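**Student:** Dropping in run_34.cif, which is mmCIF, C-alpha atoms (C1' of nucleotides) and all ligand atoms:
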data_model
#
loop_
_atom_site.label_atom_id
_atom_site.label_comp_id
_atom_site.auth_asym_id
_atom_site.auth_seq_id
_atom_site.Cartn_x
_atom_site.Cartn_y
_atom_site.Cartn_z
CA MET A 963 0.00 0.00 0.00
CA ALA A 964 2.79 2.42 0.85
CA LYS A 965 4.43 1.00 -2.25
CA LYS A 966 1.47 1.95 -4.30
CA ALA A 967 1.24 5.36 -2.72
CA SER A 968 4.79 6.33 -3.57
CA ALA A 969 4.30 5.13 -7.11
CA GLN A 970 1.18 7.24 -7.36
CA LEU A 971 3.03 10.26 -6.12
CA SER A 972 5.91 9.74 -8.55
CA GLU A 973 3.45 9.51 -11.37
CA TYR A 974 1.76 12.71 -10.35
CA LEU A 975 5.06 14.54 -10.00
CA ALA A 976 6.31 13.39 -13.37
CA GLY A 977 3.07 14.44 -15.00
CA GLN A 978 3.37 17.91 -13.50
CA GLY A 979 7.02 18.40 -14.35
CA LEU A 980 7.87 18.24 -10.66
CA LYS A 981 10.64 16.22 -9.09
CA SER A 982 10.76 13.15 -6.94
CA THR A 983 12.78 13.61 -3.80
CA SER A 984 13.68 11.45 -0.87
CA GLN A 985 11.99 13.93 1.46
CA ARG A 986 8.69 13.56 -0.33
CA ASP A 987 8.94 9.78 -0.29
CA LYS A 988 9.76 9.68 3.39
CA ILE A 989 7.05 12.12 4.38
CA LEU A 990 4.49 10.21 2.38
CA ALA A 991 5.52 6.92 3.95
CA VAL A 992 5.21 8.26 7.48
CA PHE A 993 1.95 9.97 6.63
CA VAL A 994 0.36 6.82 5.21
CA GLU A 995 1.61 4.83 8.15
CA ALA A 996 0.47 7.27 10.81
CA GLY A 997 -3.27 7.17 10.41
CA ARG A 998 -5.92 9.76 9.73
CA HIS A 999 -6.55 13.37 10.66
CA LEU A 1000 -3.00 14.51 11.34
CA SER A 1001 -1.94 18.11 11.58
CA ALA A 1002 1.28 19.20 9.93
CA GLU A 1003 2.67 19.67 13.41
CA GLU A 1004 1.84 16.11 14.41
CA LEU A 1005 3.24 14.68 11.25
CA TYR A 1006 6.41 16.71 11.62
CA ALA A 1007 6.90 15.32 15.11
CA ARG A 1008 6.72 11.78 13.76
CA ILE A 1009 8.91 12.57 10.80
CA LYS A 1010 11.74 13.98 12.78
CA LYS A 1011 12.03 10.87 14.92
CA VAL A 1012 12.87 8.85 11.84
CA HIS A 1013 14.30 11.49 9.52
CA PRO A 1014 15.74 14.28 11.63
CA GLY A 1015 17.05 16.17 8.63
CA ILE A 1016 13.67 16.99 7.15
CA GLY A 1017 12.48 20.52 7.68
CA TYR A 1018 9.25 21.89 8.98
CA ALA A 1019 8.42 23.79 5.83
CA THR A 1020 8.90 20.71 3.71
CA VAL A 1021 6.31 18.84 5.71
CA TYR A 1022 3.83 21.65 5.16
CA ARG A 1023 4.67 21.84 1.50
CA THR A 1024 4.40 18.12 0.98
CA LEU A 1025 1.05 17.89 2.66
CA LYS A 1026 -0.31 20.58 0.36
CA LEU A 1027 1.23 18.78 -2.56
CA LEU A 1028 -0.47 15.54 -1.60
CA ALA A 1029 -3.75 17.36 -1.40
CA GLU A 1030 -3.23 18.76 -4.89
CA ALA A 1031 -2.33 15.30 -6.09
CA GLY A 1032 -5.61 14.01 -4.73
CA MET A 1033 -3.81 11.74 -2.30
CA ALA A 1034 -4.76 13.62 0.84
CA GLU A 1035 -7.74 15.58 2.01
CA GLU A 1036 -7.53 18.81 3.95
CA ARG A 1037 -9.86 19.10 6.93
CA ARG A 1038 -10.41 22.06 9.16
CA PHE A 1039 -12.25 21.16 12.31
CA GLU A 1040 -12.81 23.63 15.11
CA ASP A 1041 -9.45 23.27 16.79
CA GLY A 1042 -7.43 25.72 14.77
CA PHE A 1043 -5.24 23.16 13.02
CA THR A 1044 -5.51 22.06 9.45
CA ARG A 1045 -5.57 18.29 9.40
CA TYR A 1046 -4.93 15.87 6.57
CA GLU A 1047 -6.14 12.40 5.90
CA TYR A 1048 -4.74 9.96 3.45
CA LYS A 1049 -7.12 9.27 0.61
CA THR A 1050 -7.07 5.87 -1.00
CA SER A 1051 -8.68 5.31 -4.38
CA GLU A 1052 -11.51 3.30 -2.81
CA GLY A 1053 -12.05 4.97 0.60
CA GLY A 1054 -14.90 7.25 -0.35
CA HIS A 1055 -16.44 10.38 1.06
CA HIS A 1056 -17.36 10.49 4.71
CA ASP A 1057 -18.23 12.96 7.43
CA HIS A 1058 -17.21 13.20 11.09
CA LEU A 1059 -18.42 12.89 14.63
CA ILE A 1060 -16.04 14.71 16.96
CA CYS A 1061 -15.84 14.38 20.72
CA THR A 1062 -15.45 17.80 22.28
CA ARG A 1063 -13.86 16.34 25.38
CA CYS A 1064 -11.28 13.79 24.20
CA ARG A 1065 -11.13 14.91 20.57
CA ALA A 1066 -11.90 11.41 19.31
CA ILE A 1067 -13.03 11.39 15.69
CA VAL A 1068 -15.47 8.88 14.29
CA GLU A 1069 -16.17 8.70 10.58
CA PHE A 1070 -19.53 7.95 9.09
CA GLU A 1071 -21.35 7.82 5.81
CA ASN A 1072 -25.05 8.43 5.44
CA GLU A 1073 -26.47 8.33 1.97
CA ARG A 1074 -29.82 9.66 3.12
CA ILE A 1075 -28.26 12.81 4.50
CA GLU A 1076 -26.28 13.19 1.30
CA ALA A 1077 -29.44 12.90 -0.76
CA LEU A 1078 -31.26 15.45 1.37
CA GLN A 1079 -28.39 17.86 0.95
CA GLN A 1080 -28.77 17.57 -2.79
CA ASP A 1081 -32.46 18.33 -2.39
CA VAL A 1082 -31.76 21.38 -0.29
CA ALA A 1083 -29.24 22.64 -2.80
CA ARG A 1084 -31.52 22.06 -5.75
CA ASN A 1085 -34.39 23.83 -4.03
CA ASN A 1086 -32.15 26.83 -3.66
CA GLY A 1087 -30.76 26.73 -7.16
CA PHE A 1088 -27.31 25.63 -6.03
CA LEU A 1089 -25.02 23.24 -7.82
CA VAL A 1090 -23.17 21.29 -5.12
CA GLN A 1091 -19.40 21.11 -5.27
CA SER A 1092 -18.62 19.87 -1.79
CA HIS A 1093 -19.92 19.90 1.70
CA LYS A 1094 -18.87 19.63 5.27
CA LEU A 1095 -20.84 17.97 8.02
CA GLU A 1096 -19.39 17.80 11.49
CA ILE A 1097 -21.32 16.63 14.52
CA TYR A 1098 -19.79 17.71 17.81
CA GLY A 1099 -20.66 16.04 21.08
CA LEU A 1100 -19.54 13.57 23.69
CA CYS A 1101 -18.40 10.10 22.76
CA SER A 1102 -19.73 7.25 24.87
CA ALA A 1103 -16.53 7.03 26.91
CA CYS A 1104 -16.69 10.72 27.78
CA GLN A 1105 -20.35 10.92 28.70
CA GLY A 1106 -19.81 9.34 32.08
CA LYS A 1107 -16.77 11.37 33.08
CA LYS A 1108 -16.43 14.48 35.17
CA ASN A 1109 -16.53 17.80 33.38
CA LYS A 1110 -13.29 19.49 32.53
CA PRO A 1111 -10.22 17.35 33.34
CA ALA A 1112 -9.19 16.07 29.93
CA MET B 793 -35.34 45.83 17.83
CA ALA B 794 -32.04 47.59 18.31
CA LYS B 795 -33.67 49.02 21.42
CA LYS B 796 -34.33 45.58 22.68
CA ALA B 797 -30.85 44.40 21.78
CA SER B 798 -29.09 47.08 23.76
CA ALA B 799 -31.31 46.43 26.73
CA GLN B 800 -30.47 42.75 26.51
CA LEU B 801 -26.79 43.53 26.44
CA SER B 802 -27.02 45.87 29.42
CA GLU B 803 -28.80 43.22 31.35
CA TYR B 804 -26.14 40.66 30.53
CA LEU B 805 -23.35 43.04 31.46
CA ALA B 806 -24.91 43.98 34.78
CA GLY B 807 -25.46 40.34 35.60
CA GLN B 808 -21.80 39.58 34.96
CA GLY B 809 -20.41 42.54 36.85
CA LEU B 810 -19.27 44.08 33.59
CA LYS B 811 -19.76 47.64 32.50
CA SER B 812 -21.93 49.30 29.89
CA THR B 813 -19.98 51.56 27.60
CA SER B 814 -20.86 53.75 24.69
CA GLN B 815 -18.50 51.73 22.50
CA ARG B 816 -20.37 48.53 23.20
CA ASP B 817 -23.70 50.16 22.50
CA LYS B 818 -22.53 51.65 19.24
CA ILE B 819 -20.89 48.46 18.03
CA LEU B 820 -23.98 46.47 18.83
CA ALA B 821 -26.20 48.93 17.00
CA VAL B 822 -24.12 48.82 13.84
CA PHE B 823 -23.84 45.06 14.08
CA VAL B 824 -27.57 44.52 14.37
CA GLU B 825 -28.19 46.96 11.56
CA ALA B 826 -25.57 45.54 9.22
CA GLY B 827 -26.94 42.08 8.54
CA ARG B 828 -25.61 38.59 8.94
CA HIS B 829 -22.28 36.85 8.57
CA LEU B 830 -19.95 39.77 9.13
CA SER B 831 -16.29 39.42 9.90
CA ALA B 832 -14.72 41.63 12.56
CA GLU B 833 -12.90 43.38 9.77
CA GLU B 834 -16.11 44.14 7.89
CA LEU B 835 -17.86 45.34 10.99
CA TYR B 836 -14.92 47.54 11.91
CA ALA B 837 -15.05 49.15 8.48
CA ARG B 838 -18.70 50.05 9.02
CA ILE B 839 -18.11 51.19 12.57
CA LYS B 840 -15.38 53.63 11.78
CA LYS B 841 -17.51 55.46 9.22
CA VAL B 842 -19.93 56.38 11.97
CA HIS B 843 -17.74 56.26 15.07
CA PRO B 844 -14.14 56.92 14.04
CA GLY B 845 -12.87 56.82 17.60
CA ILE B 846 -13.60 53.17 18.20
CA GLY B 847 -10.62 50.87 18.06
CA TYR B 848 -10.05 47.69 16.19
CA ALA B 849 -9.46 45.59 19.29
CA THR B 850 -12.69 46.78 20.82
CA VAL B 851 -14.66 45.50 17.86
CA TYR B 852 -13.05 42.10 18.21
CA ARG B 853 -13.63 42.11 21.94
CA THR B 854 -17.24 43.16 21.65
CA LEU B 855 -18.04 40.51 19.09
CA LYS B 856 -16.68 37.84 21.40
CA LEU B 857 -18.63 39.35 24.23
CA LEU B 858 -21.84 39.23 22.22
CA ALA B 859 -21.19 35.58 21.47
CA GLU B 860 -20.72 34.89 25.17
CA ALA B 861 -23.91 36.77 25.89
CA GLY B 862 -25.75 34.53 23.46
CA MET B 863 -26.55 37.47 21.22
CA ALA B 864 -24.27 36.49 18.35
CA GLU B 865 -23.11 33.27 16.82
CA GLU B 866 -19.58 32.62 15.66
CA ARG B 867 -19.21 30.96 12.28
CA ARG B 868 -16.07 29.77 10.61
CA PHE B 869 -16.57 29.07 6.96
CA GLU B 870 -13.70 28.18 4.68
CA ASP B 871 -12.51 31.69 3.91
CA GLY B 872 -10.20 32.24 6.85
CA PHE B 873 -12.33 34.81 8.64
CA THR B 874 -14.44 34.28 11.70
CA ARG B 875 -17.88 35.64 11.00
CA TYR B 876 -20.67 36.58 13.37
CA GLU B 877 -24.38 36.67 13.00
CA TYR B 878 -26.83 38.39 15.21
CA LYS B 879 -29.00 35.94 17.08
CA THR B 880 -32.52 36.95 17.94
CA SER B 881 -34.50 35.07 20.53
CA GLU B 882 -36.74 33.51 17.88
CA GLY B 883 -34.46 33.06 14.86
CA GLY B 884 -33.57 29.45 15.35
CA HIS B 885 -30.82 27.13 14.22
CA HIS B 886 -29.96 26.96 10.56
CA ASP B 887 -27.22 25.77 8.24
CA HIS B 888 -25.65 27.31 5.15
CA LEU B 889 -25.29 27.05 1.41
CA ILE B 890 -22.25 28.98 0.26
CA CYS B 891 -21.40 30.03 -3.27
CA THR B 892 -17.74 29.40 -3.94
CA ARG B 893 -17.67 32.02 -6.69
CA CYS B 894 -19.51 35.07 -5.35
CA ARG B 895 -19.48 34.07 -1.69
CA ALA B 896 -23.25 34.43 -1.40
CA ILE B 897 -24.66 32.71 1.67
CA VAL B 898 -28.11 31.16 1.79
CA GLU B 899 -29.55 29.87 5.02
CA PHE B 900 -31.69 26.80 5.32
CA GLU B 901 -33.31 24.55 7.85
CA ASN B 902 -34.05 20.90 7.26
CA GLU B 903 -35.56 18.96 10.09
CA ARG B 904 -35.08 15.65 8.31
CA ILE B 905 -31.35 16.17 8.08
CA GLU B 906 -31.29 17.18 11.74
CA ALA B 907 -33.13 14.04 12.69
CA LEU B 908 -30.79 11.84 10.67
CA GLN B 909 -27.83 13.46 12.37
CA GLN B 910 -29.27 12.47 15.70
CA ASP B 911 -29.64 8.93 14.42
CA VAL B 912 -26.05 8.83 13.26
CA ALA B 913 -24.85 10.15 16.58
CA ARG B 914 -26.93 7.70 18.57
CA ASN B 915 -25.73 4.78 16.48
CA ASN B 916 -22.20 5.77 17.37
CA GLY B 917 -22.86 6.36 21.05
CA PHE B 918 -22.47 10.12 20.76
CA LEU B 919 -24.42 12.75 22.61
CA VAL B 920 -24.83 15.69 20.23
CA GLN B 921 -23.87 19.15 21.41
CA SER B 922 -23.75 21.00 18.13
CA HIS B 923 -23.12 20.49 14.49
CA LYS B 924 -22.02 22.27 11.38
CA LEU B 925 -23.36 21.65 7.91
CA GLU B 926 -22.06 23.72 5.05
CA ILE B 927 -22.85 23.00 1.43
CA TYR B 928 -20.46 24.63 -1.01
CA GLY B 929 -21.30 25.12 -4.65
CA LEU B 930 -22.44 27.58 -7.28
CA CYS B 931 -25.50 29.71 -6.78
CA SER B 932 -27.88 30.00 -9.69
CA ALA B 933 -26.50 33.38 -10.71
CA CYS B 934 -22.97 32.02 -10.83
CA GLN B 935 -23.68 28.82 -12.71
CA GLY B 936 -23.96 30.57 -16.04
CA LYS B 937 -20.91 32.74 -15.70
CA LYS B 938 -17.36 32.28 -16.93
CA ASN B 939 -14.89 30.59 -14.65
CA LYS B 940 -12.58 32.68 -12.57
CA PRO B 941 -13.32 36.43 -12.87
CA ALA B 942 -15.11 37.14 -9.64
"C1'" DT C 875 28.47 15.32 -17.82
"C1'" DT C 876 26.11 19.64 -17.82
"C1'" DG C 877 22.99 23.08 -16.48
"C1'" DA C 878 18.34 24.94 -16.08
"C1'" DA C 879 14.71 24.27 -13.11
"C1'" DA C 880 12.91 22.42 -8.93
"C1'" DT C 881 13.54 21.59 -4.06
"C1'" DT C 882 15.27 22.09 0.45
"C1'" DG C 883 16.04 23.89 5.46
"C1'" DA C 884 16.25 27.82 8.20
"C1'" DA C 885 14.75 31.99 9.05
"C1'" DA C 886 11.83 35.66 7.98
"C1'" DT C 887 7.28 36.99 6.98
"C1'" DC C 888 2.31 36.81 6.70
"C1'" DC C 889 -2.08 37.80 8.75
"C1'" DA C 890 -6.19 37.19 11.56
"C1'" DT C 891 -6.72 37.49 16.21
"C1'" DT C 892 -5.30 38.24 20.96
"C1'" DT C 893 -2.80 40.44 24.53
"C1'" DT C 894 -0.31 44.10 26.84
"C1'" DC C 895 -0.28 48.44 28.97
"C1'" DA C 896 -1.00 53.06 30.34
"C1'" DA C 897 -4.80 56.12 30.29
"C1'" DT C 898 -9.72 56.67 30.75
"C1'" DT C 899 -14.36 55.48 32.16
"C1'" DT C 900 -17.79 53.24 34.92
"C1'" DG C 901 -20.46 52.22 38.84
"C1'" DT C 902 -20.44 51.61 43.69
"C1'" DT C 903 -19.48 53.29 48.37
"C1'" DG C 904 -19.46 56.60 51.87
"C1'" DC D 33 -21.20 64.49 45.15
"C1'" DA D 34 -16.53 62.65 45.98
"C1'" DA D 35 -13.43 58.91 45.91
"C1'" DC D 36 -11.78 54.83 44.20
"C1'" DA D 37 -11.40 50.02 42.78
"C1'" DA D 38 -12.40 47.56 38.92
"C1'" DA D 39 -13.40 47.35 34.17
"C1'" DT D 40 -12.58 49.18 29.59
"C1'" DT D 41 -10.31 51.40 25.92
"C1'" DG D 42 -7.05 52.38 21.81
"C1'" DA D 43 -2.62 51.67 20.02
"C1'" DA D 44 0.90 48.92 19.56
"C1'" DA D 45 3.11 44.67 20.33
"C1'" DA D 46 2.65 39.83 20.48
"C1'" DT D 47 0.82 35.34 19.11
"C1'" DG D 48 0.61 31.19 16.40
"C1'" DG D 49 -0.33 28.45 12.45
"C1'" DA D 50 0.91 28.72 7.88
"C1'" DT D 51 3.50 30.55 3.95
"C1'" DT D 52 7.36 32.70 1.69
"C1'" DT D 53 12.13 34.04 0.90
"C1'" DC D 54 16.68 32.86 -0.26
"C1'" DA D 55 21.06 30.70 -0.83
"C1'" DA D 56 22.56 26.11 -1.23
"C1'" DT D 57 21.55 21.56 -2.93
"C1'" DT D 58 19.38 18.14 -5.81
"C1'" DT D 59 16.98 16.33 -9.76
"C1'" DC D 60 16.70 14.95 -14.41
"C1'" DA D 61 16.45 15.83 -19.40
"C1'" DA D 62 19.59 16.68 -22.95
MN MN A 1201 -12.01 11.35 8.09
MN MN A 1202 -26.55 32.16 9.07
ZN ZN A 1203 -14.58 11.55 24.07
ZN ZN A 1204 -22.61 32.92 -6.57
#
So that I can check it, write out the structure of this file as structure tokens.
Ligand SMILES: [Mn+2]
Ligand SMILES: [Mn+2]
Ligand SMILES: [Zn+2]
Ligand SMILES: [Zn+2]

**Tutor:**
Amino acid sequence: MAKKASAQLSEYLAGQGLKSTSQRDKILAVFVEAGRHLSAEELYARIKKVHPGIGYATVYRTLKLLAEAGMAEERRFEDGFTRYEYKTSEGGHHDHLICTRCRAIVEFENERIEALQQDVARNNGFLVQSHKLEIYGLCSACQGKKNKPA
Amino acid sequence: MAKKASAQLSEYLAGQGLKSTSQRDKILAVFVEAGRHLSAEELYARIKKVHPGIGYATVYRTLKLLAEAGMAEERRFEDGFTRYEYKTSEGGHHDHLICTRCRAIVEFENERIEALQQDVARNNGFLVQSHKLEIYGLCSACQGKKNKPA
DNA sequence: TTGAAATTGAAATCCATTTTCAATTTGTTG
DNA sequence: CAACAAATTGAAAATGGATTTCAATTTCAA
């Protein structure tokens, strides 16, 4: 899978007249490995453990590049950080449930909601390009716990 | 209506041991008058035409204060600015359709979508606190027009 | 092998928003 | 009304995530 990802990136780069670099390969590998919804900051922390030479700016740049290449999706939740998630060719669209206490993120798909959104848009003369649905609340683990102490 | 708003603010301030000031009154009046979804920047521009003495920071501070008082709602769309909308006692919850070309914002309510969100949350053990649904696309006016030129 | 073009890391810069701080204003107390 | 502690203000400085600059390095087509 990481094999495939790096091949996909190389292909994109070649097609755009851009260059393959070891930094890009390494960042992509760590990113794919790390799991979803990472901020640049978080990814950088992981990167530098394995590849201390790689710079901060390069992590930012590569994440944007991956988004342009269609290999990552940019997400801005309400915590002030831009997060990225790796996008496989299959793994389709989904929305998010976010715990306001422990920050847990649960993904979901609901075709009925999607359909109703289309209806709403059509009724207002809009042509849908994208949408964002985030449900904030308390996950089951957090519902029982005391208030503030994270 | 603006009468009522300023009374509501005074009441909130008194209750919190905070002070009524002419700046707060004036900012509120312009805010209520101006319409929905204003950024601090936009509101400041309007304010200074009428009340040149009022400072930038005070506009920011007052907007946050109004949000705390429950008289304004903070919205973060995808344009990098925090926007505020005046919240009347009746005017209930709604979501937004946003034109990616002309930035027009249309409000809508859809109880079926709301209900389905509750279902999704329940199925995942979440207790809903709030949510955010934004549909991005082209408004009818913008669908016919050429690509980029805003 | 060569060299133009792309990329890199570090530091500087951007930019919306927040904070600092001294001066002013408010509202309460006597 | 006077006095004063506490809150507020405007201007400027600071913050913080993200982007840009720039000289040095690397890539890759010729
Ligand atoms: Mn996700
Ligand atoms: Mn609205
Ligand atoms: Zn939780
Ligand atoms: Zn439009």

**Student:** With a distance threshold of 9 Å and counting all atoms listed in the file, extract the residues of chain C near chain B and express them as a list in words.

**Tutor:**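 My answer is DA890, DT891, DT892, DT899, DT900 and DG901 of chain C.
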
**Student:** Using all atoms listed in the file, determine which residues fall within 8 Å of ligand ZN 1203 (chain A), then list them as a ChimeraX atom specification.

**Tutor:** /A:1060-1066,1100-1105

**Student:** Select all residues from chain A having any atom no more than 7 Å from an atom of chain B (counting all atoms listed in the file, ignoring ligands), output as an MDAnalysis selection string.

**Tutor:** chainID A and resid 1075 1078 1087:1102

**Student:** Would you mind listing the residues within 10 Å of ligand MN 1201 (chain A), counting only C-alpha atoms (C1' of nucleotides) and all ligand atoms, as a PyMOL selection string?

**Tutor:** chain A and resi 997-999+1035-1037+1045-1049+1053-1059+1067-1070

**Student:** Which residue, B:Val822, B:Ala797, B:Ala861, B:Ile846, has the smallest gap to chain D when you use only C-alpha atoms (C1' of nucleotides)?

**Tutor:**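 The shortest atom-to-atom distance to chain D comes from B:Ile846.
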
**Student:** Which residue gives the smallest distance to chain A among D:DC33, D:DA50, D:DA38, D:DA43, with all atoms listed in the file counted?

**Tutor:**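 Smallest distance to chain A is found for D:DA50.
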
**Student:** Output as a Markdown table one row per residue of chain D within 9 Å of chain B: the closest atom pair and its distance in Å to one decimal place, counting all atoms listed in the file, sorted by chain and residue number ascending.

**Tutor:**
| residue | atom | partner | partner_atom | distance |
| --- | --- | --- | --- | --- |
| D:DA39 | C1' | B:Lys811 | CA | 6.6 |
| D:DT40 | C1' | B:Lys811 | CA | 7.9 |
| D:DT41 | C1' | B:Thr850 | CA | 7.3 |
| D:DG42 | C1' | B:Gly847 | CA | 5.4 |
| D:DA43 | C1' | B:Gly847 | CA | 8.3 |

**Student:** Can you show chain B as a CSV table (one decimal) with C-alpha atoms, in the frame of the given file once it has been least-squares superposed onto chain A, using every C-alpha atom paired in order?

**Tutor:**
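Once everything was written out, this is result_10.csv:
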chain,number,residue,atom,x,y,z
B,793,MET,CA,0.1,0.0,0.0
B,794,ALA,CA,2.8,2.4,0.8
B,795,LYS,CA,4.5,1.0,-2.3
B,796,LYS,CA,1.5,1.9,-4.3
B,797,ALA,CA,1.3,5.3,-2.7
B,798,SER,CA,4.8,6.3,-3.6
B,799,ALA,CA,4.4,5.1,-7.1
B,800,GLN,CA,1.2,7.2,-7.4
B,801,LEU,CA,3.1,10.3,-6.1
B,802,SER,CA,6.0,9.8,-8.5
B,803,GLU,CA,3.6,9.5,-11.4
B,804,TYR,CA,1.8,12.7,-10.3
B,805,LEU,CA,5.1,14.5,-10.0
B,806,ALA,CA,6.4,13.4,-13.3
B,807,GLY,CA,3.2,14.5,-15.0
B,808,GLN,CA,3.5,17.9,-13.5
B,809,GLY,CA,7.1,18.5,-14.3
B,810,LEU,CA,8.0,18.3,-10.6
B,811,LYS,CA,10.7,16.3,-9.0
B,812,SER,CA,10.8,13.2,-6.9
B,813,THR,CA,12.8,13.6,-3.7
B,814,SER,CA,13.7,11.5,-0.8
B,815,GLN,CA,12.0,13.9,1.5
B,816,ARG,CA,8.7,13.6,-0.3
B,817,ASP,CA,9.0,9.8,-0.3
B,818,LYS,CA,9.8,9.7,3.4
B,819,ILE,CA,7.1,12.1,4.4
B,820,LEU,CA,4.5,10.2,2.4
B,821,ALA,CA,5.5,6.9,3.9
B,822,VAL,CA,5.2,8.2,7.5
B,823,PHE,CA,1.9,9.9,6.6
B,824,VAL,CA,0.3,6.8,5.2
B,825,GLU,CA,1.6,4.8,8.1
B,826,ALA,CA,0.5,7.2,10.8
B,827,GLY,CA,-3.3,7.2,10.4
B,828,ARG,CA,-5.9,9.8,9.7
B,829,HIS,CA,-6.6,13.4,10.6
B,830,LEU,CA,-3.0,14.5,11.3
B,831,SER,CA,-2.0,18.1,11.6
B,832,ALA,CA,1.3,19.2,10.0
B,833,GLU,CA,2.6,19.6,13.4
B,834,GLU,CA,1.8,16.1,14.4
B,835,LEU,CA,3.2,14.6,11.3
B,836,TYR,CA,6.4,16.7,11.7
B,837,ALA,CA,6.8,15.3,15.1
B,838,ARG,CA,6.7,11.7,13.8
B,839,ILE,CA,8.9,12.5,10.8
B,840,LYS,CA,11.7,13.9,12.8
B,841,LYS,CA,12.0,10.8,15.0
B,842,VAL,CA,12.8,8.8,11.9
B,843,HIS,CA,14.3,11.5,9.6
B,844,PRO,CA,15.7,14.3,11.7
B,845,GLY,CA,17.0,16.1,8.7
B,846,ILE,CA,13.7,17.0,7.2
B,847,GLY,CA,12.5,20.5,7.7
B,848,TYR,CA,9.3,21.9,9.0
B,849,ALA,CA,8.4,23.8,5.9
B,850,THR,CA,8.9,20.7,3.8
B,851,VAL,CA,6.3,18.8,5.7
B,852,TYR,CA,3.8,21.6,5.2
B,853,ARG,CA,4.7,21.8,1.5
B,854,THR,CA,4.4,18.1,1.0
B,855,LEU,CA,1.0,17.9,2.7
B,856,LYS,CA,-0.3,20.6,0.4
B,857,LEU,CA,1.3,18.8,-2.6
B,858,LEU,CA,-0.4,15.5,-1.6
B,859,ALA,CA,-3.7,17.3,-1.4
B,860,GLU,CA,-3.2,18.8,-4.9
B,861,ALA,CA,-2.3,15.3,-6.1
B,862,GLY,CA,-5.6,14.0,-4.8
B,863,MET,CA,-3.8,11.7,-2.3
B,864,ALA,CA,-4.8,13.6,0.8
B,865,GLU,CA,-7.8,15.6,2.0
B,866,GLU,CA,-7.6,18.8,3.9
B,867,ARG,CA,-9.9,19.1,6.9
B,868,ARG,CA,-10.5,22.0,9.1
B,869,PHE,CA,-12.3,21.1,12.3
B,870,GLU,CA,-12.8,23.6,15.1
B,871,ASP,CA,-9.5,23.2,16.8
B,872,GLY,CA,-7.4,25.7,14.8
B,873,PHE,CA,-5.3,23.2,13.0
B,874,THR,CA,-5.5,22.0,9.4
B,875,ARG,CA,-5.6,18.3,9.4
B,876,TYR,CA,-5.0,15.9,6.5
B,877,GLU,CA,-6.1,12.4,5.9
B,878,TYR,CA,-4.7,10.0,3.4
B,879,LYS,CA,-7.1,9.3,0.6
B,880,THR,CA,-7.1,5.9,-1.0
B,881,SER,CA,-8.7,5.3,-4.4
B,882,GLU,CA,-11.5,3.3,-2.8
B,883,GLY,CA,-12.1,5.0,0.6
B,884,GLY,CA,-14.9,7.2,-0.4
B,885,HIS,CA,-16.5,10.4,1.0
B,886,HIS,CA,-17.4,10.5,4.7
B,887,ASP,CA,-18.3,13.0,7.4
B,888,HIS,CA,-17.2,13.2,11.1
B,889,LEU,CA,-18.4,12.9,14.6
B,890,ILE,CA,-16.0,14.7,16.9
B,891,CYS,CA,-15.8,14.4,20.7
B,892,THR,CA,-15.4,17.8,22.2
B,893,ARG,CA,-13.8,16.4,25.4
B,894,CYS,CA,-11.2,13.8,24.2
B,895,ARG,CA,-11.1,14.9,20.5
B,896,ALA,CA,-11.9,11.4,19.3
B,897,ILE,CA,-13.0,11.4,15.7
B,898,VAL,CA,-15.5,8.9,14.3
B,899,GLU,CA,-16.2,8.7,10.6
B,900,PHE,CA,-19.6,8.0,9.1
B,901,GLU,CA,-21.4,7.8,5.8
B,902,ASN,CA,-25.1,8.4,5.5
B,903,GLU,CA,-26.5,8.3,2.0
B,904,ARG,CA,-29.9,9.7,3.2
B,905,ILE,CA,-28.3,12.8,4.5
B,906,GLU,CA,-26.3,13.2,1.3
B,907,ALA,CA,-29.5,12.9,-0.7
B,908,LEU,CA,-31.3,15.5,1.4
B,909,GLN,CA,-28.4,17.9,1.0
B,910,GLN,CA,-28.9,17.6,-2.7
B,911,ASP,CA,-32.5,18.3,-2.3
B,912,VAL,CA,-31.8,21.4,-0.2
B,913,ALA,CA,-29.3,22.6,-2.8
B,914,ARG,CA,-31.6,22.1,-5.7
B,915,ASN,CA,-34.5,23.8,-4.0
B,916,ASN,CA,-32.2,26.8,-3.6
B,917,GLY,CA,-30.9,26.7,-7.1
B,918,PHE,CA,-27.4,25.6,-6.0
B,919,LEU,CA,-25.1,23.2,-7.8
B,920,VAL,CA,-23.3,21.3,-5.1
B,921,GLN,CA,-19.5,21.1,-5.3
B,922,SER,CA,-18.7,19.9,-1.8
B,923,HIS,CA,-20.0,19.9,1.7
B,924,LYS,CA,-18.9,19.6,5.3
B,925,LEU,CA,-20.9,18.0,8.0
B,926,GLU,CA,-19.4,17.8,11.5
B,927,ILE,CA,-21.3,16.6,14.5
B,928,TYR,CA,-19.8,17.7,17.8
B,929,GLY,CA,-20.6,16.1,21.1
B,930,LEU,CA,-19.5,13.6,23.7
B,931,CYS,CA,-18.4,10.1,22.8
B,932,SER,CA,-19.7,7.3,24.9
B,933,ALA,CA,-16.5,7.1,26.9
B,934,CYS,CA,-16.6,10.7,27.7
B,935,GLN,CA,-20.3,10.9,28.7
B,936,GLY,CA,-19.7,9.4,32.1
B,937,LYS,CA,-16.7,11.4,33.0
B,938,LYS,CA,-16.3,14.5,35.1
B,939,ASN,CA,-16.4,17.9,33.3
B,940,LYS,CA,-13.2,19.6,32.4
B,941,PRO,CA,-10.2,17.4,33.2
B,942,ALA,CA,-9.2,16.2,29.8

**Student:** Residues near DG877 in chain C, anyone? I mean within 12 Å using only C-alpha atoms (C1' of nucleotides), not counting same-chain ones fewer than 4 positions away, as a ChimeraX atom specification.

**Tutor:** /D:59-62
